[in-house]
Amino acid sequence: MISALLTASLVLLALAMLMCLLRLLKGPTRSDRVAALDTIGIHVLAIIAVISMKLNTQDFLEIILVIGILTFIGTTALARYIERGVVIEEGGEPHDS
């Protein structure tokens with residue numbers, strides 16, 4: 001019974017990720033694409049967690065943590081790029097405006 005539920009959740013997560021992929025390709029704005037990319041990262045994380053439960057192992061926990069961190073950093077960098085036009089600003093004296 002549990003195996004069937006885990007399989008069904010994998011199918012639903014894959015369908016949700018496919019819908020996010022369509023939003024990533026279609027847009028219409030950069031913000032929509034960033035949100036879709038972030039959601040795809042979360043879906044990948046969830047799929048690996050479900051596979052870990054299905055295989056009854058804890059070997060994938062480090063992978064889940066790394067994907068979570070990379071998703072967060074990537075979303076933050078893309079949001080900063082959309083807002084400011086650069087990801088990493090030049091150093092030096094702060095400008096008074």
# chains A, B, ... in the order shown; residues from 1 in each chain; ligands from 1
>>> select_by_dssp(residues="chain A", states="alpha helix (DSSP H)", output="MDAnalysis selection string")
chainID A and resid 2:26 30:55 61:84
>>> residues_around(residues="stretch 61-63 of chain A", least_positions_apart="3", cutoff="10 Å", atoms="only C-alpha atoms", output="MDAnalysis selection string")
chainID A and resid 45 48:49 52 57:58 66:69
>>> residues_around(residues="A:Ala79", least_positions_apart="6", cutoff="9 Å", atoms="only C-alpha atoms", output="JSON, numbers by chain")
{"A": [31, 34, 87]}
>>> closest_residue(among="A:Met1, A:Leu13, A:Cys20, A:Leu65", to="A:Val44", atoms="only C-alpha atoms")
A:Leu13
>>> closest_residue(among="A:Ile88, A:Gly41, A:Lys54, A:Phe60", to="A:Phe72", atoms="only C-alpha atoms")
A:Gly41
